[in-house]
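Student: Below you'll find work_13.pdb; it's PDB, C-alpha atoms.
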ATOM      1  CA  MET A   1       0.000   0.000   0.000
ATOM      2  CA  PRO A   2       1.205   3.591  -0.531
ATOM      3  CA  SER A   3       3.026   4.829   2.556
ATOM      4  CA  SER A   4       3.054   8.604   2.018
ATOM      5  CA  THR A   5       0.616  10.658   4.102
ATOM      6  CA  ASP A   6       1.324  13.881   2.166
ATOM      7  CA  PRO A   7      -1.568  14.458  -0.291
ATOM      8  CA  ALA A   8       0.854  16.199  -2.670
ATOM      9  CA  THR A   9       2.958  13.054  -3.090
ATOM     10  CA  ARG A  10       0.572  10.206  -2.226
ATOM     11  CA  PRO A  11      -0.221   8.190  -5.390
ATOM     12  CA  LEU A  12      -3.659   8.774  -6.883
ATOM     13  CA  LEU A  13      -3.393   5.357  -8.501
ATOM     14  CA  PHE A  14      -1.493   2.444  -7.017
ATOM     15  CA  ALA A  15      -1.477  -1.012  -8.598
ATOM     16  CA  ARG A  16       0.737  -3.792  -7.259
ATOM     17  CA  ASN A  17       1.331  -7.357  -8.443
ATOM     18  CA  VAL A  18      -1.830  -7.450 -10.540
ATOM     19  CA  ALA A  19      -2.495 -10.812 -12.214
ATOM     20  CA  LYS A  20      -5.276 -11.973 -14.514
ATOM     21  CA  SER A  21      -5.861 -15.125 -16.545
ATOM     22  CA  PHE A  22      -8.610 -16.203 -18.905
ATOM     23  CA  GLY A  23      -8.687 -19.963 -18.794
ATOM     24  CA  ARG A  24      -5.139 -21.097 -19.507
ATOM     25  CA  ASN A  25      -4.196 -17.757 -21.036
ATOM     26  CA  ARG A  26      -2.180 -15.806 -18.447
ATOM     27  CA  VAL A  27      -2.563 -12.198 -19.589
ATOM     28  CA  LEU A  28      -1.141 -10.275 -16.611
ATOM     29  CA  LEU A  29       1.383 -11.918 -14.301
ATOM     30  CA  ASP A  30       2.818  -9.289 -11.971
ATOM     31  CA  ALA A  31       1.859  -5.812 -13.204
ATOM     32  CA  SER A  32       2.654  -2.854 -10.937
ATOM     33  CA  LEU A  33       2.538   0.924 -11.365
ATOM     34  CA  SER A  34       1.742   4.093  -9.440
ATOM     35  CA  LEU A  35       0.530   7.482 -10.593
ATOM     36  CA  ALA A  36       1.271  10.615  -8.574
ATOM     37  CA  PRO A  37      -0.642  13.926  -8.619
ATOM     38  CA  GLY A  38       0.331  15.848 -11.748
ATOM     39  CA  GLU A  39       1.822  12.800 -13.470
ATOM     40  CA  ILE A  40       1.132  11.806 -17.069
ATOM     41  CA  ALA A  41       1.889   8.150 -17.713
ATOM     42  CA  GLY A  42       1.576   5.939 -20.761
ATOM     43  CA  VAL A  43       1.121   2.186 -21.131
ATOM     44  CA  THR A  44       1.869   0.583 -24.494
ATOM     45  CA  GLY A  45       2.094  -2.933 -25.828
ATOM     46  CA  GLU A  46       1.336  -5.156 -28.764
ATOM     47  CA  ASN A  47      -2.227  -6.182 -29.577
ATOM     48  CA  GLY A  48      -3.241  -8.878 -27.111
ATOM     49  CA  SER A  49      -0.524  -7.942 -24.614
ATOM     50  CA  GLY A  50      -3.019  -7.135 -21.846
ATOM     51  CA  LYS A  51      -3.467  -3.366 -22.146
ATOM     52  CA  SER A  52      -7.261  -3.480 -22.181
ATOM     53  CA  THR A  53      -7.312  -6.059 -19.398
ATOM     54  CA  LEU A  54      -5.143  -3.834 -17.197
ATOM     55  CA  LEU A  55      -7.242  -0.772 -17.974
ATOM     56  CA  ASN A  56     -10.494  -2.576 -17.157
ATOM     57  CA  ILE A  57      -9.042  -3.746 -13.843
ATOM     58  CA  ILE A  58      -7.885  -0.223 -12.992
ATOM     59  CA  VAL A  59     -11.310   1.340 -13.617
ATOM     60  CA  GLY A  60     -13.140  -1.473 -11.828
ATOM     61  CA  ARG A  61     -14.788  -3.156 -14.805
ATOM     62  CA  LEU A  62     -12.854  -6.384 -14.232
ATOM     63  CA  ARG A  63     -11.653  -8.129 -11.072
ATOM     64  CA  PRO A  64      -8.004  -9.229 -10.894
ATOM     65  CA  ASP A  65      -7.133 -12.771  -9.876
ATOM     66  CA  ALA A  66      -4.447 -11.383  -7.576
ATOM     67  CA  GLY A  67      -2.888  -8.070  -6.626
ATOM     68  CA  THR A  68      -4.036  -4.703  -5.329
ATOM     69  CA  VAL A  69      -5.464  -1.600  -7.017
ATOM     70  CA  VAL A  70      -6.051   1.549  -4.933
ATOM     71  CA  MET A  71      -7.582   4.727  -6.375
ATOM     72  CA  SER A  72      -7.819   8.073  -4.572
ATOM     73  CA  GLY A  73     -10.348  10.626  -5.770
ATOM     74  CA  ARG A  74     -12.742  10.826  -8.708
ATOM     75  CA  VAL A  75     -11.981   8.705 -11.758
ATOM     76  CA  GLY A  76     -12.707   9.601 -15.368
ATOM     77  CA  HIS A  77     -12.620   6.887 -18.020
ATOM     78  CA  CYS A  78     -12.559   7.391 -21.772
ATOM     79  CA  PRO A  79     -12.910   3.919 -23.324
ATOM     80  CA  GLN A  80     -12.015   3.129 -26.908
ATOM     81  CA  GLU A  81     -15.610   2.186 -27.666
ATOM     82  CA  MET A  82     -18.101   5.045 -27.734
ATOM     83  CA  LEU A  83     -20.345   5.257 -24.670
ATOM     84  CA  VAL A  84     -22.299   8.316 -25.819
ATOM     85  CA  PHE A  85     -25.855   8.050 -27.145
ATOM     86  CA  GLU A  86     -26.045   8.312 -30.922
ATOM     87  CA  THR A  87     -29.712   9.357 -31.009
ATOM     88  CA  LEU A  88     -29.115  12.341 -28.700
ATOM     89  CA  THR A  89     -27.449  15.642 -29.502
ATOM     90  CA  VAL A  90     -24.085  16.601 -28.061
ATOM     91  CA  ARG A  91     -25.844  18.895 -25.575
ATOM     92  CA  GLU A  92     -28.287  16.166 -24.546
ATOM     93  CA  ASN A  93     -25.402  13.766 -23.934
ATOM     94  CA  PHE A  94     -23.772  16.325 -21.655
ATOM     95  CA  ARG A  95     -27.056  16.787 -19.784
ATOM     96  CA  TYR A  96     -27.497  13.023 -19.329
ATOM     97  CA  PHE A  97     -23.983  12.348 -18.026
ATOM     98  CA  ALA A  98     -23.995  15.503 -15.874
ATOM     99  CA  ALA A  99     -27.103  14.187 -14.095
ATOM    100  CA  ALA A 100     -25.295  10.909 -13.420
ATOM    101  CA  TYR A 101     -22.287  12.801 -12.044
ATOM    102  CA  GLY A 102     -24.405  15.291 -10.075
ATOM    103  CA  ARG A 103     -22.855  18.165 -12.012
ATOM    104  CA  ALA A 104     -25.459  20.951 -11.825
ATOM    105  CA  ASP A 105     -23.179  23.475 -13.543
ATOM    106  CA  TRP A 106     -22.894  21.304 -16.661
ATOM    107  CA  PRO A 107     -23.881  24.019 -19.206
ATOM    108  CA  LYS A 108     -20.864  26.117 -18.227
ATOM    109  CA  ARG A 109     -18.607  23.078 -18.063
ATOM    110  CA  MET A 110     -19.863  21.942 -21.477
ATOM    111  CA  GLN A 111     -19.022  25.290 -23.073
ATOM    112  CA  VAL A 112     -15.502  25.152 -21.643
ATOM    113  CA  LEU A 113     -14.882  21.637 -22.969
ATOM    114  CA  LEU A 114     -16.433  22.309 -26.372
ATOM    115  CA  GLY A 115     -14.168  25.336 -26.673
ATOM    116  CA  GLN A 116     -11.043  23.520 -25.560
ATOM    117  CA  LEU A 117     -11.604  20.689 -28.042
ATOM    118  CA  LYS A 118     -12.909  23.026 -30.776
ATOM    119  CA  PHE A 119     -16.317  21.570 -31.571
ATOM    120  CA  GLU A 120     -18.683  24.252 -30.242
ATOM    121  CA  ARG A 121     -20.686  24.378 -33.482
ATOM    122  CA  TYR A 122     -21.837  20.789 -32.990
ATOM    123  CA  ALA A 123     -23.544  21.363 -29.621
ATOM    124  CA  ASP A 124     -27.021  20.750 -31.056
ATOM    125  CA  THR A 125     -26.044  18.111 -33.619
ATOM    126  CA  MET A 126     -27.161  14.505 -33.271
ATOM    127  CA  VAL A 127     -24.223  12.249 -32.479
ATOM    128  CA  ASN A 128     -25.031   9.923 -35.379
ATOM    129  CA  HIS A 129     -24.431  12.860 -37.731
ATOM    130  CA  LEU A 130     -20.918  13.549 -36.394
ATOM    131  CA  SER A 131     -17.661  12.414 -37.967
ATOM    132  CA  GLY A 132     -15.645   9.732 -36.177
ATOM    133  CA  GLY A 133     -13.100  12.286 -34.967
ATOM    134  CA  THR A 134     -15.788  14.585 -33.539
ATOM    135  CA  ARG A 135     -17.463  11.653 -31.791
ATOM    136  CA  GLN A 136     -14.114  10.874 -30.189
ATOM    137  CA  LYS A 137     -13.901  14.490 -29.006
ATOM    138  CA  LEU A 138     -17.309  14.067 -27.354
ATOM    139  CA  ASN A 139     -16.279  10.769 -25.778
ATOM    140  CA  LEU A 140     -13.215  12.500 -24.332
ATOM    141  CA  ALA A 141     -15.143  15.580 -23.180
ATOM    142  CA  ILE A 142     -17.650  13.410 -21.287
ATOM    143  CA  ALA A 143     -14.748  11.747 -19.448
ATOM    144  CA  TYR A 144     -13.519  15.228 -18.412
ATOM    145  CA  LEU A 145     -17.007  16.462 -17.474
ATOM    146  CA  HIS A 146     -16.915  15.805 -13.718
ATOM    147  CA  ASP A 147     -13.342  17.146 -13.333
ATOM    148  CA  PRO A 148     -11.784  13.818 -12.261
ATOM    149  CA  ASP A 149      -8.635  13.502 -10.175
ATOM    150  CA  ILE A 150      -7.507  10.539 -12.300
ATOM    151  CA  LEU A 151      -8.207  10.273 -16.010
ATOM    152  CA  VAL A 152      -7.770   6.886 -17.699
ATOM    153  CA  LEU A 153      -7.778   7.081 -21.500
ATOM    154  CA  ASP A 154      -7.904   4.162 -23.944
ATOM    155  CA  GLU A 155      -6.533   5.133 -27.399
ATOM    156  CA  PRO A 156      -7.691   8.737 -26.756
ATOM    157  CA  TYR A 157      -6.442  10.363 -29.967
ATOM    158  CA  SER A 158      -7.682   7.728 -32.399
ATOM    159  CA  GLY A 159      -9.301   9.595 -35.300
ATOM    160  CA  PHE A 160      -7.951  13.003 -34.281
ATOM    161  CA  ASP A 161      -6.488  15.350 -36.860
ATOM    162  CA  TRP A 162      -3.233  17.124 -36.009
ATOM    163  CA  GLU A 163      -4.913  20.261 -34.631
ATOM    164  CA  THR A 164      -7.160  18.248 -32.317
ATOM    165  CA  TYR A 165      -4.189  16.151 -31.227
ATOM    166  CA  LEU A 166      -2.431  19.355 -30.120
ATOM    167  CA  HIS A 167      -5.568  20.586 -28.325
ATOM    168  CA  PHE A 168      -5.705  17.260 -26.491
ATOM    169  CA  TRP A 169      -2.189  17.782 -25.163
ATOM    170  CA  GLU A 170      -2.935  21.380 -24.183
ATOM    171  CA  LEU A 171      -5.840  20.109 -22.101
ATOM    172  CA  THR A 172      -3.674  17.353 -20.628
ATOM    173  CA  ALA A 173      -0.984  19.896 -19.691
ATOM    174  CA  GLU A 174      -3.648  21.933 -17.887
ATOM    175  CA  LEU A 175      -4.657  18.843 -15.906
ATOM    176  CA  ARG A 176      -1.031  18.283 -14.938
ATOM    177  CA  GLU A 177      -0.755  21.856 -13.634
ATOM    178  CA  ARG A 178      -3.861  21.242 -11.515
ATOM    179  CA  LYS A 179      -2.262  18.087 -10.073
ATOM    180  CA  ARG A 180      -4.589  15.705 -11.857
ATOM    181  CA  ALA A 181      -3.145  12.370 -12.988
ATOM    182  CA  VAL A 182      -3.537  11.028 -16.522
ATOM    183  CA  LEU A 183      -2.973   7.468 -17.748
ATOM    184  CA  VAL A 184      -2.902   6.971 -21.529
ATOM    185  CA  VAL A 185      -3.221   3.386 -22.772
ATOM    186  CA  SER A 186      -2.302   2.934 -26.437
ATOM    187  CA  HIS A 187      -0.706   0.464 -28.827
ATOM    188  CA  PHE A 188       1.767   3.197 -29.754
ATOM    189  CA  VAL A 189       2.936   6.440 -28.155
ATOM    190  CA  GLN A 190       3.963   9.555 -30.040
ATOM    191  CA  ASP A 191       5.821  12.484 -28.475
ATOM    192  CA  ARG A 192       7.393  10.516 -25.647
ATOM    193  CA  ALA A 193       8.682  13.728 -24.076
ATOM    194  CA  ARG A 194       5.093  14.682 -23.173
ATOM    195  CA  PHE A 195       4.977  11.794 -20.677
ATOM    196  CA  ASP A 196       6.470  11.696 -17.188
ATOM    197  CA  SER A 197       6.607   7.902 -17.238
ATOM    198  CA  LEU A 198       6.133   5.168 -19.823
ATOM    199  CA  TYR A 199       5.563   1.441 -19.455
ATOM    200  CA  ARG A 200       5.397  -1.393 -21.953
ATOM    201  CA  ILE A 201       3.540  -4.611 -21.196
ATOM    202  CA  VAL A 202       5.911  -7.491 -21.889
ATOM    203  CA  ALA A 203       5.046 -11.075 -20.929
ATOM    204  CA  GLY A 204       2.354  -9.861 -18.526
ATOM    205  CA  ARG A 205       4.552  -7.362 -16.687
ATOM    206  CA  LEU A 206       4.983  -3.590 -16.909
ATOM    207  CA  GLU A 207       8.511  -2.632 -17.928
ATOM    208  CA  PRO A 208       9.595   1.041 -17.638
ATOM    209  CA  GLU A 209      10.694   2.792 -20.831
ATOM    210  CA  ALA A 210      12.602   6.015 -21.429
ATOM    211  CA  THR A 211      10.596   9.184 -22.127
ATOM    212  CA  ARG A 212      13.510  11.171 -23.551
TER
END
Could you rewrite the structure in this file as C-alpha cells?
Tutor:
Amino acid sequence: MPSSTDPATRPLLFARNVAKSFGRNRVLLDASLSLAPGEIAGVTGENGSGKSTLLNIIVGRLRPDAGTVVMSGRVGHCPQEMLVFETLTVRENFRYFAAAYGRADWPKRMQVLLGQLKFERYADTMVNHLSGGTRQKLNLAIAYLHDPDILVLDEPYSGFDWETYLHFWELTAELRERKRAVLVVSHFVQDRARFDSLYRIVAGRLEPEATR
C-alpha cells in the first residue's frame, strides 16, 4: 500500500502485483505501477498484450485474480468504444452524463470543454451525424465532465487530426498543472517527451521505458 501521508505526493493510482488469466491464457502476471498527482503516464504494448485487461481492472470493470489496485479521488474513463448516445445531440449527452455525475453546472462546463476541443458548433447536432473524430472528441469531453482527479484514456487520440491532437495535449498539460493524474493506454505512443513515465507490457509485466 502507498506509505506517504502527504496528499501532494501520495499516489492517486497504485497497482501492485496485478495478475489476470482467462482460462489457460495468463494475460497479466505481476503488473505494478503508481501514478502521482500531476503525473502523465503511458502504457503501451502489442495487440493482445493485456493493455485493455489492465485498464479494465484499474477502472473497476474487471476483477483481478491477484494483486491490489487503490484509487484516490474521482476517476474519469474514456474507453475506446463510444459510450455516448447516438440518437441524442451533443448537448443532450452532456445533460445526461452531468445528471449521473451530479454536475449541476454542466452548461458552463460543457461550453468550456467544447471550446477547448474546438467543436462548439456541434452542440445541437445529433451524435449519429458527427464524424468519427468529432465523436471521439465528445467521448473525451464526457470523461472530463466531472473534473476527475484521475483520467484513464484508452486510445484517446484515435481519429484526431493534427490540430485536435495538439488541443488534447494542451488540455492534458492543464490537468497536470492542476495536479490531476492522466494514464494513456495505447498500442503506440507519439511524443514521448510529453509523458512523465512510460511502461510497456511485456510477458504480462509492466517494464519502464525512457521518455527522452
Student: Find the distance between CA of Pro156 in chain A and CA of Asn56 in chain A and write it in Å to one decimal.
Tutor: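 Value for the CA of Pro156 in chain A-CA of Asn56 in chain A distance: 15.1 Å.
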Student: Under the PyMOL selection byres ((chain A and resi 189) around 10), which residues of this model are included? Write them out as a ChimeraX atom specification.
Tutor: /A:42-45,155,184-188,190-192,194-195,198
Student: Please, could you write that set of residues out with C-alpha atoms as an mmCIF file, in the frame of the given file?
Tutor:
data_model
loop_
_atom_site.group_PDB
_atom_site.id
_atom_site.type_symbol
_atom_site.label_atom_id
_atom_site.label_comp_id
_atom_site.auth_asym_id
_atom_site.auth_seq_id
_atom_site.Cartn_x
_atom_site.Cartn_y
_atom_site.Cartn_z
ATOM 1 C CA GLY A 42 1.576 5.939 -20.761
ATOM 2 C CA VAL A 43 1.121 2.186 -21.131
ATOM 3 C CA THR A 44 1.869 0.583 -24.494
ATOM 4 C CA GLY A 45 2.094 -2.933 -25.828
ATOM 5 C CA GLU A 155 -6.533 5.133 -27.399
ATOM 6 C CA VAL A 184 -2.902 6.971 -21.529
ATOM 7 C CA VAL A 185 -3.221 3.386 -22.772
ATOM 8 C CA SER A 186 -2.302 2.934 -26.437
ATOM 9 C CA HIS A 187 -0.706 0.464 -28.827
ATOM 10 C CA PHE A 188 1.767 3.197 -29.754
ATOM 11 C CA GLN A 190 3.963 9.555 -30.040
ATOM 12 C CA ASP A 191 5.821 12.484 -28.475
ATOM 13 C CA ARG A 192 7.393 10.516 -25.647
ATOM 14 C CA ARG A 194 5.093 14.682 -23.173
ATOM 15 C CA PHE A 195 4.977 11.794 -20.677
ATOM 16 C CA LEU A 198 6.133 5.168 -19.823
#
Student: Nearest to Gly102 in chain A among A:Met126, A:Leu145, A:Ile40, A:Leu171, with distances taken over all atoms listed in the file: which residue is it?
Tutor: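 Using all atoms listed in the file, the shortest distance to Gly102 in chain A belongs to A:Leu145.
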Student: Take CA of Val127 in chain A and CA of Leu114 in chain A and report the distance between them in Å, one decimal.
Tutor: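 These atoms are spaced 14.1 Å apart.
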Student: From the list A:Gly133, A:Gly67, A:Ile201, A:Ala141, which residue is nearest Val84 in chain A when using only C-alpha atoms?
Tutor: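 Ranked by minimum distance to Val84 in chain A, first place goes to A:Ala141.
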Student: Please, what distance in Å, to one decimal, runs between CA of Leu138 in chain A and CA of Thr53 in chain A?
Tutor: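 Computing it gives 23.8 Å between the two atoms.
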Student: Here is a test: counting all atoms listed in the file, which residue of A:Ser131, A:Gln116, A:Thr172, A:Ser72 is nearest to Leu35 in chain A?
Tutor: A:Ser72
Student: I'd like to know which of A:Ala41, A:Ala15, A:Ala98, A:Val59 is closest to Thr211 in chain A, using only C-alpha atoms.
Tutor: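 Between A:Ala41, A:Ala15, A:Ala98, A:Val59, the residue approaching Thr211 in chain A most closely is A:Ala41.
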Student: Counting all atoms listed in the file, which of A:Asn93, A:Glu86, A:Ile58, A:Pro208 gets nearest to Phe14 in chain A?
Tutor: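 Looking only at the distances to Phe14 in chain A, the closest residue turns out to be A:Ile58.
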Student: Restricting the calculation to only C-alpha atoms, which member of A:Arg135, A:Gly48, A:Ala123, A:Asp149 is positioned closest to Glu177 in chain A?
Tutor: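 Closest residue, counting only C-alpha atoms: A:Asp149.
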Student: Can you tell me which residues surround Ala143 in chain A at a distance of at most 7 Å, considering only C-alpha atoms, apart from same-chain residues fewer than 6 positions away, and format the answer as JSON, numbers by chain?
Tutor: {"A": [76, 77, 78]}
Student: List the neighbours of Ala203 in chain A out to 12 Å using all atoms listed in the file; skip same-chain residues closer than 6 positions along the sequence, and give me the result as a list in words.
Tutor: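 Final neighbour list, sorted by chain and number: Ala19, Asn25, Arg26, Val27, Leu28, Leu29, Asp30, Ala31, Gly45, Glu46, Gly48, Ser49, Gly50 and Lys51 of chain A.
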Student: Quick one: everything within 8 Å of Pro64 in chain A, counting only C-alpha atoms, minus sequence neighbours fewer than 6 positions away in the same chain. Send it as a PyMOL selection string.
Tutor: chain A and resi 18-20+57
Student: Report as AutoDock Vina command-line options the centre and the edge lengths, in Å to one decimal, of the axis-aligned box holding every listed atom of range 20-26 of chain A, padded by 3 Å on each side.
Tutor:
--center_x -5.4 --center_y -16.5 --center_z -17.8 --size_x 12.5 --size_y 15.1 --size_z 12.5
Student: List the residues matched by the PyMOL selection byres ((chain A and resi 121) around 12) in the displayed structure as a PyMOL selection string, ordered by chain and then by residue number.
Tutor: chain A and resi 89-91+111+114-115+117-120+122-126+130+134
Student: With the PyMOL selection byres ((chain A and resi 161) around 12) as the selection, what would be picked from this file? Answer as a list of chain:residue names, please.
Tutor: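 When the PyMOL selection byres ((chain A and resi 161) around 12) is applied to the shown file, the picked residues are A:Leu117, A:Lys118, A:Ser131, A:Gly132, A:Gly133, A:Thr134, A:Gln136, A:Lys137, A:Tyr157, A:Ser158, A:Gly159, A:Phe160, A:Trp162, A:Glu163, A:Thr164, A:Tyr165, A:Leu166, A:His167, A:Phe168.
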Student: Tell me which protein, DNA and RNA residues are within 12 Å of Arg178 in chain A, counting only C-alpha atoms, leaving out same-chain ones fewer than 6 positions away, and put them as a PDB file with C-alpha atoms, in the frame of the given file.
Tutor:
ATOM      1  CA  ALA A   8       0.854  16.199  -2.670  1.00  0.00           C
ATOM      2  CA  PRO A  37      -0.642  13.926  -8.619  1.00  0.00           C
ATOM      3  CA  GLY A  38       0.331  15.848 -11.748  1.00  0.00           C
ATOM      4  CA  GLU A  39       1.822  12.800 -13.470  1.00  0.00           C
ATOM      5  CA  ASP A 147     -13.342  17.146 -13.333  1.00  0.00           C
ATOM      6  CA  PRO A 148     -11.784  13.818 -12.261  1.00  0.00           C
ATOM      7  CA  ASP A 149      -8.635  13.502 -10.175  1.00  0.00           C
ATOM      8  CA  ILE A 150      -7.507  10.539 -12.300  1.00  0.00           C
ATOM      9  CA  LEU A 171      -5.840  20.109 -22.101  1.00  0.00           C
ATOM     10  CA  THR A 172      -3.674  17.353 -20.628  1.00  0.00           C
TER      11      THR A 172
END
Student: Would you please take range 41-100 of chain A of the structure in the block above and write C-alpha atoms to a file as a CSV table (one decimal), in the first residue's frame?
Tutor:
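Contents of decode_26.csv, freshly written:
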chain,number,residue,atom,x,y,z
A,41,ALA,CA,1.9,8.2,-17.7
A,42,GLY,CA,1.6,5.9,-20.8
A,43,VAL,CA,1.1,2.2,-21.1
A,44,THR,CA,1.9,0.6,-24.5
A,45,GLY,CA,2.1,-2.9,-25.8
A,46,GLU,CA,1.3,-5.2,-28.8
A,47,ASN,CA,-2.2,-6.2,-29.6
A,48,GLY,CA,-3.2,-8.9,-27.1
A,49,SER,CA,-0.5,-7.9,-24.6
A,50,GLY,CA,-3.0,-7.1,-21.8
A,51,LYS,CA,-3.5,-3.4,-22.1
A,52,SER,CA,-7.3,-3.5,-22.2
A,53,THR,CA,-7.3,-6.1,-19.4
A,54,LEU,CA,-5.1,-3.8,-17.2
A,55,LEU,CA,-7.2,-0.8,-18.0
A,56,ASN,CA,-10.5,-2.6,-17.2
A,57,ILE,CA,-9.0,-3.7,-13.8
A,58,ILE,CA,-7.9,-0.2,-13.0
A,59,VAL,CA,-11.3,1.3,-13.6
A,60,GLY,CA,-13.1,-1.5,-11.8
A,61,ARG,CA,-14.8,-3.2,-14.8
A,62,LEU,CA,-12.9,-6.4,-14.2
A,63,ARG,CA,-11.7,-8.1,-11.1
A,64,PRO,CA,-8.0,-9.2,-10.9
A,65,ASP,CA,-7.1,-12.8,-9.9
A,66,ALA,CA,-4.4,-11.4,-7.6
A,67,GLY,CA,-2.9,-8.1,-6.6
A,68,THR,CA,-4.0,-4.7,-5.3
A,69,VAL,CA,-5.5,-1.6,-7.0
A,70,VAL,CA,-6.1,1.5,-4.9
A,71,MET,CA,-7.6,4.7,-6.4
A,72,SER,CA,-7.8,8.1,-4.6
A,73,GLY,CA,-10.3,10.6,-5.8
A,74,ARG,CA,-12.7,10.8,-8.7
A,75,VAL,CA,-12.0,8.7,-11.8
A,76,GLY,CA,-12.7,9.6,-15.4
A,77,HIS,CA,-12.6,6.9,-18.0
A,78,CYS,CA,-12.6,7.4,-21.8
A,79,PRO,CA,-12.9,3.9,-23.3
A,80,GLN,CA,-12.0,3.1,-26.9
A,81,GLU,CA,-15.6,2.2,-27.7
A,82,MET,CA,-18.1,5.0,-27.7
A,83,LEU,CA,-20.3,5.3,-24.7
A,84,VAL,CA,-22.3,8.3,-25.8
A,85,PHE,CA,-25.9,8.0,-27.1
A,86,GLU,CA,-26.0,8.3,-30.9
A,87,THR,CA,-29.7,9.4,-31.0
A,88,LEU,CA,-29.1,12.3,-28.7
A,89,THR,CA,-27.4,15.6,-29.5
A,90,VAL,CA,-24.1,16.6,-28.1
A,91,ARG,CA,-25.8,18.9,-25.6
A,92,GLU,CA,-28.3,16.2,-24.5
A,93,ASN,CA,-25.4,13.8,-23.9
A,94,PHE,CA,-23.8,16.3,-21.7
A,95,ARG,CA,-27.1,16.8,-19.8
A,96,TYR,CA,-27.5,13.0,-19.3
A,97,PHE,CA,-24.0,12.3,-18.0
A,98,ALA,CA,-24.0,15.5,-15.9
A,99,ALA,CA,-27.1,14.2,-14.1
A,100,ALA,CA,-25.3,10.9,-13.4
